[in-house]
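Undergrad: One structure, pasted below without further comment.
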Amino acid sequence: MNITTTLGSSIASLPANGWAQLALYMVVLIALAKPLGWFMARVYDGKAPFGLSRLLGPIERLFYRLGGVREADPMTWRTYAIAILLFNALGFGVVFALQVLQSSLPANPQGLADVEPSSAFNTAISFVTNTNWQGYGGEVTMSYLTQMLGLSVQNFLSAATGMAVLVALIRGLVKKHSTDIGNAWVDLTRSTLYILLPLSFIFAIFLVSQGVVQTFKPYQTVALTVPLSYDEPVKDAAGEPVMNADGTPKTTPVAVTTQTIPLGPAASQIAIKQLGTNGGGFFNVNSAHPLENPTGLANFFELLAILLIPAALCWMYGDMVKDRRQGWAILAAMSAIFVVLLASTASFEQAGNPRLDKISIGDVASPTTPTTVAIDQHASDLHSGGNMEGKETRFGIANSALWATATTAASNGSVNSMHDSYTPLGGLIPMWLMQLGEVVYGGVGCGLYGMLLFVIIGVFVSGLMVGRTPEYLGKKIEPFEMKMASIAILIPCALVLVGTAIAVVWPPELGGAGGTSNPGPHGFSQILYALSSASNNNGSAFAGLSANTKFYNTLLGLAMFFARFGVLIPVLAIAGSLAAKNQTPSTSGTLPTHTPLFVVLLIAVVVVVGALTFIPALALGPIVEQLQLNN
C-alpha cells in the first residue's frame, strides 16, 4: 500500500478507532459546554448555585474585608485596567523572588540552587501572562515551594485574569449609558473561588486516582530491573577527550544500576495547568511524563480539561448577553476551524514521511538461509503506521495529534508528544493555530475576548459592504472600537514576525539563530514556532531550540508581556466605550450575528487575517521543508 501526502489519501489511512476517539472527544466537549457555561453565568451574576454561595460566600466576603474592597464599587475601564496591571505586577514579583531565593527557602528536599536571573525573569513573566513557556526542566530546577506557591498559584491567578477581562467586556456589551464595567477584585475572586478552585480540586483527586503523584517526599532512588552498562569517554580538566596511544578515544566502563525518580505535589498543579489553559509541566517532558499523564483515561480527561472552560465560556457569553444564539454561533465558528485542522494534523501524521515512499527494498539476505531473497516492496508498506517519531505508543497518532491541536488551539502549551518530530505540514498546523491569535477556543477568557475582536472586525466589514454603520448586539461599532480591535489583533502578529527576524539575524555567538538544532527551513521553523508560542501566550515548544539563554529569555519574555497586556488593555478600552453607548434597535438592515452566514463570515475573517499575515513566514519554514521532502 502506497501512502501519499495528499489529504484525501491520508484521511483514508487513519484507523477507524482513531476517528472514533476524535469524534468522542468533540461530542463530550460540546455536551459539557452548556452545564458549565450555565454555572459560570450564575457565578458572575452573584448567584452561585448548588449552595456554593452559602458555603464560599463568607470566604469571599472575608477576602473583600482584608483587601478593603467594597463589592458594589463600580470601576471605569481605566480603573479596572490599573487594578489588573497592579495585580499581575505583584504576581510577577512573588514568582521572581521565589526563584532567585529558592535555595534559602524551605520545601526544597533536593537542595536545588537559585534560578539564574534571566531564566527567573522569563519564567515569572511566562506564568503571570498565562503562557507558561518553560526554558528549564522542572524536576531539576524548581523546588516544591516554588512549584506550589509560585507556579501553581499563578496558574489560578493568570487564568482568573483572562476570565475577569472577558466578563468586563460582556458587561460593556450589555450596559447602557454607563462607565461601570464591574469590579476587577470581585471578578478575580469569583473566578478563582467559585470556578477554578472547585474544578481543580475535583480534577486533582481524579488524577491521583489514576497515578499522578502528589507527595512532599524527596526524590526516590530505585534499583533498575535491567542494569545498564556503557563506555564513557574520558576527558581532561579542560573538557577535552583523552586519547589512547593508538589515537582512539580513551573510555572507562560505567555501570548503571539505579535510577532517581522525581516526585512532588504534581497532581494539584496538573489540574489547574489544564483547566486554566496554563500548560506548564511539573516535569520536564510535561504531559508525556508517566507521573503527569499515566493512563489513557487520564490523557482523555486532561485533554478535555484543556478546552472545557473556553468552550463553556461561549455558552456563558450567550446567557449573559440574553441571546444564547450568539454564544452558539461563536462556538460553532471555533469548532468548525478546530475540527478541520484537527483532521488535517492527524491525517498528515498518519501519512508519514513521503521520503520513505521513494525507497525500494532490494535484495536482502535471509536471516535463515545463506541465499539472497528478492523483496519487491515499497518502504511505505513498512511505515504504514504513520509518523510515530516523537510520539508515545500508548497514545498513538490520533491522541497525539488531538493533544497537539487542542493545546495550540487553546493557549495551553502542554504536550504529550514532540512537535519538533511532526511532519512539516503536521507541525505547521499547531503553529498556525497559535498564529491565528489563540481564538479557536483559546485560553480561558482571553480566547473568547480575542474572538470577539474578530467579531467586531467582521461586523465592520459587513457594514462597509452594505453602506451603513455596523452594529453588534445593538451597539454601534465606530472608529474607536475598530482602532482598539486592530491594535489588539496586530500586536501579537508584529511580535511574532519582528521577534523571529531579530532571532534569525542576531549573532549566533550571542545566542541567536545558533541555538537551533537543525539548519535550513527546519531550524527556521524552530525559531518561528518559539516566537509564535510566546507572542500568543501559548507556551508550547517545537523543541530543538536552546532557548534558556539570556538572549531568548529576554526576547521571549518581552514578547509574552506585550502580547498579554497589549491585547488586554485595548479589550478593556472597548468594554468601556461600548458600556457608555445606548443600544440601537434592530432594523431590516441590521446584520444578524447568530446565523450560519455570519459564522462563515467570522471564520473567513479569522482565516484570512492569519493567512495573509503568516503564510510568507510559513513558506520559509514548514512549507519549503515539505517541498524538500516531496522532491
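Simple scheme: letters A, B, ... for chains in C-alpha cells order, numbers from 1 for residues in each chain, numbers from 1 for ligands in the order shown.
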If we count only C-alpha atoms, what is near Ile456 of chain A at a cut-off of 8 Å, once residues fewer than 4 positions away on the same chain are taken out, given as a list in words?
TA: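 Here the answer would be Leu452, Phe460, Tyr472, Ile477, Glu481, Met482 and Ala485 of chain A.
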Undergrad: If we count only C-alpha atoms, what is near segment 317-322 of chain A at a cut-off of 10 Å, once residues fewer than 6 positions away on the same chain are taken out, given as a tab-separated table (two decimals) with N, CA, C and O atoms, in the first residue's frame?
TA:
```
chain	number	residue	atom	x	y	z
A	34	LYS	N	-22.58	23.42	27.87
A	34	LYS	CA	-23.80	24.07	28.36
A	34	LYS	C	-23.90	24.07	29.88
A	34	LYS	O	-24.10	25.14	30.47
A	37	GLY	N	-21.20	26.32	31.35
A	37	GLY	CA	-21.46	27.72	30.99
A	37	GLY	C	-22.61	28.30	31.80
A	37	GLY	O	-22.55	29.46	32.25
A	38	TRP	N	-23.67	27.51	32.01
A	38	TRP	CA	-24.79	27.95	32.85
A	38	TRP	C	-24.31	28.25	34.27
A	38	TRP	O	-24.68	29.26	34.86
A	40	MET	N	-21.22	29.09	35.29
A	40	MET	CA	-20.36	30.27	35.36
A	40	MET	C	-21.15	31.56	35.20
A	40	MET	O	-20.83	32.58	35.83
A	41	ALA	N	-22.20	31.54	34.37
A	41	ALA	CA	-23.04	32.74	34.24
A	41	ALA	C	-23.68	33.10	35.58
A	41	ALA	O	-23.77	34.28	35.94
A	42	ARG	N	-24.11	32.09	36.33
A	42	ARG	CA	-24.71	32.36	37.64
A	42	ARG	C	-23.67	32.90	38.62
A	42	ARG	O	-23.97	33.77	39.45
A	44	TYR	N	-21.00	34.76	37.97
A	44	TYR	CA	-20.68	36.17	37.70
A	44	TYR	C	-21.86	37.09	37.94
A	44	TYR	O	-21.69	38.30	38.09
A	45	ASP	N	-23.05	36.53	38.00
A	45	ASP	CA	-24.22	37.33	38.39
A	45	ASP	C	-24.38	37.41	39.90
A	45	ASP	O	-25.34	38.00	40.40
A	166	LEU	N	-12.78	39.12	30.27
A	166	LEU	CA	-13.89	38.73	29.41
A	166	LEU	C	-15.22	39.20	29.98
A	166	LEU	O	-16.06	39.75	29.26
A	167	VAL	N	-15.43	38.99	31.28
A	167	VAL	CA	-16.68	39.38	31.92
A	167	VAL	C	-16.86	40.91	31.83
A	167	VAL	O	-17.97	41.40	31.61
A	170	ILE	N	-18.11	41.65	28.39
A	170	ILE	CA	-19.52	41.29	28.26
A	170	ILE	C	-20.40	42.36	28.89
A	170	ILE	O	-21.45	42.74	28.34
A	171	ARG	N	-20.01	42.86	30.04
A	171	ARG	CA	-20.79	43.93	30.68
A	171	ARG	C	-20.82	45.18	29.79
A	171	ARG	O	-21.82	45.89	29.74
A	173	LEU	N	-20.97	45.23	26.64
A	173	LEU	CA	-21.96	44.99	25.60
A	173	LEU	C	-23.38	45.07	26.13
A	173	LEU	O	-24.31	45.39	25.40
A	174	VAL	N	-23.55	44.78	27.41
A	174	VAL	CA	-24.89	44.71	28.00
A	174	VAL	C	-25.34	46.05	28.56
A	174	VAL	O	-26.50	46.45	28.41
A	175	LYS	N	-24.44	46.77	29.22
A	175	LYS	CA	-24.82	48.01	29.90
A	175	LYS	C	-25.11	49.13	28.90
A	175	LYS	O	-24.61	49.12	27.77
A	328	TRP	N	-23.71	30.27	20.80
A	328	TRP	CA	-23.62	29.08	19.96
A	328	TRP	C	-22.97	29.40	18.62
A	328	TRP	O	-22.23	28.56	18.06
A	329	ALA	N	-23.22	30.59	18.08
A	329	ALA	CA	-22.62	30.96	16.79
A	329	ALA	C	-21.10	31.04	16.91
A	329	ALA	O	-20.36	30.53	16.05
A	330	ILE	N	-20.62	31.65	17.99
A	330	ILE	CA	-19.16	31.76	18.18
A	330	ILE	C	-18.56	30.38	18.43
A	330	ILE	O	-17.50	30.04	17.89
A	448	LEU	N	-12.03	33.86	24.11
A	448	LEU	CA	-13.32	34.41	23.69
A	448	LEU	C	-13.24	35.90	23.47
A	448	LEU	O	-13.81	36.43	22.49
A	473	LEU	N	-24.96	43.55	18.70
A	473	LEU	CA	-25.83	43.48	19.87
A	473	LEU	C	-26.40	44.85	20.22
A	473	LEU	O	-26.52	45.23	21.38
```
Undergrad: Select from segment 163-213 of chain A everything DSSP, run on the backbone, classes as helix (DSSP H, G or I), then give the selection as JSON, numbers by chain.
TA: {"A": [163, 164, 165, 166, 167, 168, 169, 170, 171, 172, 173, 174, 184, 185, 186, 187, 188, 189, 190, 191, 192, 193, 194, 195, 196, 197, 198, 199, 200, 201, 202, 203, 204, 205, 206, 207, 208, 209, 210]}
Undergrad: Using DSSP on the backbone, list every residue of segment 73-232 of chain A that comes out as strand (DSSP E or B), and give them as a PyMOL selection string.
TA: chain A and resi 214+220-232
Undergrad: Export N, CA, C and O atoms of the chosen residues as a tab-separated table (two decimals), in the first residue's frame?
TA:
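Generated output (result-v7.tsv):
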```tsv
chain	number	residue	atom	x	y	z
A	214	GLN	N	1.31	13.03	44.14
A	214	GLN	CA	1.00	14.18	44.98
A	214	GLN	C	1.63	13.90	46.34
A	214	GLN	O	1.03	13.26	47.20
A	220	GLN	N	13.04	9.61	44.94
A	220	GLN	CA	13.34	8.24	45.35
A	220	GLN	C	14.33	7.59	44.39
A	220	GLN	O	14.20	7.72	43.17
A	221	THR	N	15.32	6.90	44.95
A	221	THR	CA	16.28	6.14	44.15
A	221	THR	C	15.91	4.67	44.21
A	221	THR	O	15.78	4.11	45.30
A	222	VAL	N	15.72	4.07	43.05
A	222	VAL	CA	15.29	2.67	42.97
A	222	VAL	C	16.27	1.89	42.11
A	222	VAL	O	16.98	2.46	41.28
A	223	ALA	N	16.29	0.56	42.32
A	223	ALA	CA	17.16	-0.31	41.53
A	223	ALA	C	16.53	-0.61	40.18
A	223	ALA	O	15.32	-0.83	40.08
A	224	LEU	N	17.34	-0.60	39.13
A	224	LEU	CA	16.85	-0.94	37.81
A	224	LEU	C	16.60	-2.44	37.71
A	224	LEU	O	17.40	-3.24	38.21
A	225	THR	N	15.52	-2.82	37.08
A	225	THR	CA	15.26	-4.25	36.87
A	225	THR	C	16.25	-4.83	35.87
A	225	THR	O	16.59	-6.01	35.93
A	226	VAL	N	16.70	-4.00	34.93
A	226	VAL	CA	17.71	-4.43	33.95
A	226	VAL	C	18.85	-3.41	34.00
A	226	VAL	O	18.76	-2.33	33.39
A	227	PRO	N	19.93	-3.70	34.74
A	227	PRO	CA	21.06	-2.76	34.83
A	227	PRO	C	21.65	-2.47	33.45
A	227	PRO	O	21.60	-3.31	32.54
A	228	LEU	N	22.21	-1.27	33.32
A	228	LEU	CA	22.81	-0.84	32.06
A	228	LEU	C	24.31	-0.66	32.23
A	228	LEU	O	24.80	-0.40	33.34
A	229	SER	N	25.04	-0.79	31.14
A	229	SER	CA	26.48	-0.51	31.16
A	229	SER	C	26.87	0.10	29.83
A	229	SER	O	26.29	-0.22	28.78
A	230	TYR	N	27.83	1.02	29.88
A	230	TYR	CA	28.31	1.66	28.66
A	230	TYR	C	29.70	2.20	28.90
A	230	TYR	O	30.18	2.27	30.04
A	231	ASP	N	30.37	2.56	27.82
A	231	ASP	CA	31.71	3.14	27.90
A	231	ASP	C	31.60	4.66	27.78
A	231	ASP	O	31.09	5.18	26.79
A	232	GLU	N	32.09	5.35	28.81
A	232	GLU	CA	32.03	6.81	28.82
A	232	GLU	C	33.38	7.39	28.45
A	232	GLU	O	34.43	6.97	28.98
```
Undergrad: Which residue, A:Pro117, A:Gly474, A:Gly111, A:Pro479, has the smallest gap to Asp323 of chain A when you use only C-alpha atoms?
TA: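 The answer is A:Gly474, which sits nearest to Asp323 of chain A.
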Undergrad: Can you list, as a PyMOL selection string, every protein, DNA or RNA residue that comes within 7 Å of Gly280 of chain A when you count only C-alpha atoms, leaving out same-chain residues fewer than 6 positions away?
TA: chain A and resi 132-134+273+414
Undergrad: Selection from above, N, CA, C and O atoms, as a PDB file, in the first residue's frame, can you write it?
TA:
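Result saved to out.pdb:
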```pdb
ATOM      1  N   ASN A 132       3.218  30.196  30.367  1.00  0.00           N
ATOM      2  CA  ASN A 132       3.878  29.016  30.923  1.00  0.00           C
ATOM      3  C   ASN A 132       4.916  28.420  29.984  1.00  0.00           C
ATOM      4  O   ASN A 132       5.080  27.207  29.898  1.00  0.00           O
ATOM      5  N   TRP A 133       5.595  29.293  29.263  1.00  0.00           N
ATOM      6  CA  TRP A 133       6.773  28.866  28.494  1.00  0.00           C
ATOM      7  C   TRP A 133       7.820  28.428  29.500  1.00  0.00           C
ATOM      8  O   TRP A 133       8.065  29.093  30.500  1.00  0.00           O
ATOM      9  N   GLN A 134       8.471  27.310  29.242  1.00  0.00           N
ATOM     10  CA  GLN A 134       9.458  26.776  30.174  1.00  0.00           C
ATOM     11  C   GLN A 134      10.776  26.504  29.456  1.00  0.00           C
ATOM     12  O   GLN A 134      10.846  25.630  28.595  1.00  0.00           O
ATOM     13  N   LYS A 273      -3.188  23.459  35.636  1.00  0.00           N
ATOM     14  CA  LYS A 273      -2.449  23.759  34.406  1.00  0.00           C
ATOM     15  C   LYS A 273      -3.305  23.450  33.186  1.00  0.00           C
ATOM     16  O   LYS A 273      -3.213  24.130  32.163  1.00  0.00           O
ATOM     17  N   SER A 414       0.763  22.631  26.975  1.00  0.00           N
ATOM     18  CA  SER A 414       1.259  21.332  27.427  1.00  0.00           C
ATOM     19  C   SER A 414       1.354  20.395  26.227  1.00  0.00           C
ATOM     20  O   SER A 414       0.667  20.580  25.223  1.00  0.00           O
TER      21      SER A 414
END
```
Undergrad: Compare A:Ala311, A:Ala604, A:Ile306, A:Ala33 by their minimum atom-to-atom distance to Phe454 of chain A, counting only C-alpha atoms, and give me the closest one.
TA: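 Among the listed residues, the smallest separation from Phe454 of chain A belongs to A:Ala604.
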Undergrad: Taking only C-alpha atoms into account, which of A:Phe63, A:Val94, A:Asp114, A:Arg564 comes nearest Thr161 of chain A?
TA: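 Answer, going by the shortest atom-to-atom distance: A:Arg564.
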Undergrad: Excluding Ile270 of chain A and its own-chain neighbours fewer than 3 positions away, which residues fall within 10 Å of it when counting only C-alpha atoms? Please give them as a VMD selection string.
TA: chain A and resid 152 155 200 203 to 204 207 212 to 213 265 to 267 273 to 276 278 to 282 286 to 287 292 to 293 302 414
Undergrad: Create the file for the chosen residues now, containing N, CA and C atoms and written as a compact mmCIF listing (two decimals), in the first residue's frame.
TA:
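That gives us result-v2.txt:
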```
# COMPACT_ATOMS: atom_id res chain seq x y z
N SER A 152 2.03 27.17 40.74
CA SER A 152 0.64 26.69 40.84
C SER A 152 -0.32 27.83 41.17
N ASN A 155 -0.91 29.93 38.25
CA ASN A 155 -1.80 29.27 37.28
C ASN A 155 -3.25 29.66 37.53
N SER A 200 -10.62 22.36 40.00
CA SER A 200 -9.26 21.83 40.14
C SER A 200 -9.18 20.83 41.28
N PHE A 203 -10.71 17.62 39.99
CA PHE A 203 -9.87 17.03 38.95
C PHE A 203 -8.57 16.48 39.53
N ALA A 204 -8.00 17.15 40.53
CA ALA A 204 -6.76 16.67 41.16
C ALA A 204 -6.99 15.32 41.84
N LEU A 207 -7.00 12.74 39.19
CA LEU A 207 -5.64 12.47 38.69
C LEU A 207 -4.86 11.58 39.65
N VAL A 212 -1.18 9.95 39.15
CA VAL A 212 -0.38 11.18 39.17
C VAL A 212 0.09 11.42 40.61
N VAL A 213 1.36 11.75 40.79
CA VAL A 213 1.93 11.84 42.14
C VAL A 213 1.47 13.12 42.82
N PRO A 265 4.41 17.45 44.63
CA PRO A 265 2.96 17.73 44.61
C PRO A 265 2.50 18.08 43.20
N ALA A 266 2.47 17.07 42.33
CA ALA A 266 2.22 17.31 40.91
C ALA A 266 0.75 17.41 40.56
N ALA A 267 -0.09 16.52 41.16
CA ALA A 267 -1.50 16.44 40.73
C ALA A 267 -2.22 17.78 40.87
N LYS A 273 -3.19 23.46 35.64
CA LYS A 273 -2.45 23.76 34.41
C LYS A 273 -3.31 23.45 33.19
N GLN A 274 -4.16 22.41 33.27
CA GLN A 274 -5.02 22.08 32.14
C GLN A 274 -6.31 22.90 32.17
N LEU A 275 -6.98 22.95 33.32
CA LEU A 275 -8.24 23.68 33.40
C LEU A 275 -8.07 25.18 33.15
N GLY A 276 -6.93 25.74 33.56
CA GLY A 276 -6.68 27.16 33.36
C GLY A 276 -5.96 27.48 32.08
N ASN A 278 -3.05 26.78 31.22
CA ASN A 278 -1.71 27.26 31.53
C ASN A 278 -0.66 26.42 30.78
N GLY A 279 -0.59 25.12 31.12
CA GLY A 279 0.22 24.21 30.33
C GLY A 279 1.60 23.91 30.86
N GLY A 280 2.10 24.64 31.86
CA GLY A 280 3.45 24.38 32.34
C GLY A 280 3.57 23.05 33.05
N GLY A 281 4.53 22.23 32.66
CA GLY A 281 4.67 20.91 33.22
C GLY A 281 5.40 20.92 34.56
N PHE A 282 4.97 20.04 35.47
CA PHE A 282 5.70 19.86 36.72
C PHE A 282 7.05 19.21 36.42
N ASN A 286 6.67 17.23 30.46
CA ASN A 286 5.30 17.69 30.51
C ASN A 286 4.33 16.51 30.51
N SER A 287 3.32 16.55 29.70
CA SER A 287 2.26 15.55 29.75
C SER A 287 2.61 14.25 29.05
N GLU A 292 2.77 12.47 35.26
CA GLU A 292 1.83 13.55 34.97
C GLU A 292 0.62 13.05 34.20
N ASN A 293 0.83 12.06 33.37
CA ASN A 293 -0.21 11.59 32.46
C ASN A 293 -0.09 10.07 32.34
N GLU A 302 -7.51 14.95 30.73
CA GLU A 302 -6.64 16.12 30.69
C GLU A 302 -6.87 16.89 29.39
N SER A 414 0.76 22.63 26.97
CA SER A 414 1.26 21.33 27.43
C SER A 414 1.35 20.40 26.23
```
Undergrad: Skipping near chain neighbours, those fewer than 6 positions away, what residues fall within 12 Å of Ile623 of chain A using only C-alpha atoms, listed as a list in words?
TA: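 The filter keeps Thr423, Pro424, Leu425, Gly426, Gly427, Leu428, Ile429, Trp432, Pro521, His522, Phe524, Ser525, Phe614, Ile615, Pro616, Ala617, Leu629 and Asn630 of chain A.
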Undergrad: For segment 24-28 of chain A, list every protein, DNA or RNA residue within 9 Å, evaluated using only C-alpha atoms, and leave out those in the same chain fewer than 4 positions away; present the list as a list in words.
TA: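 Near neighbours after the sequence-gap exclusion: Trp19, Ala20, Leu32, Ala33, Phe300, Leu303, Leu304, Ser335 and Val339 of chain A.
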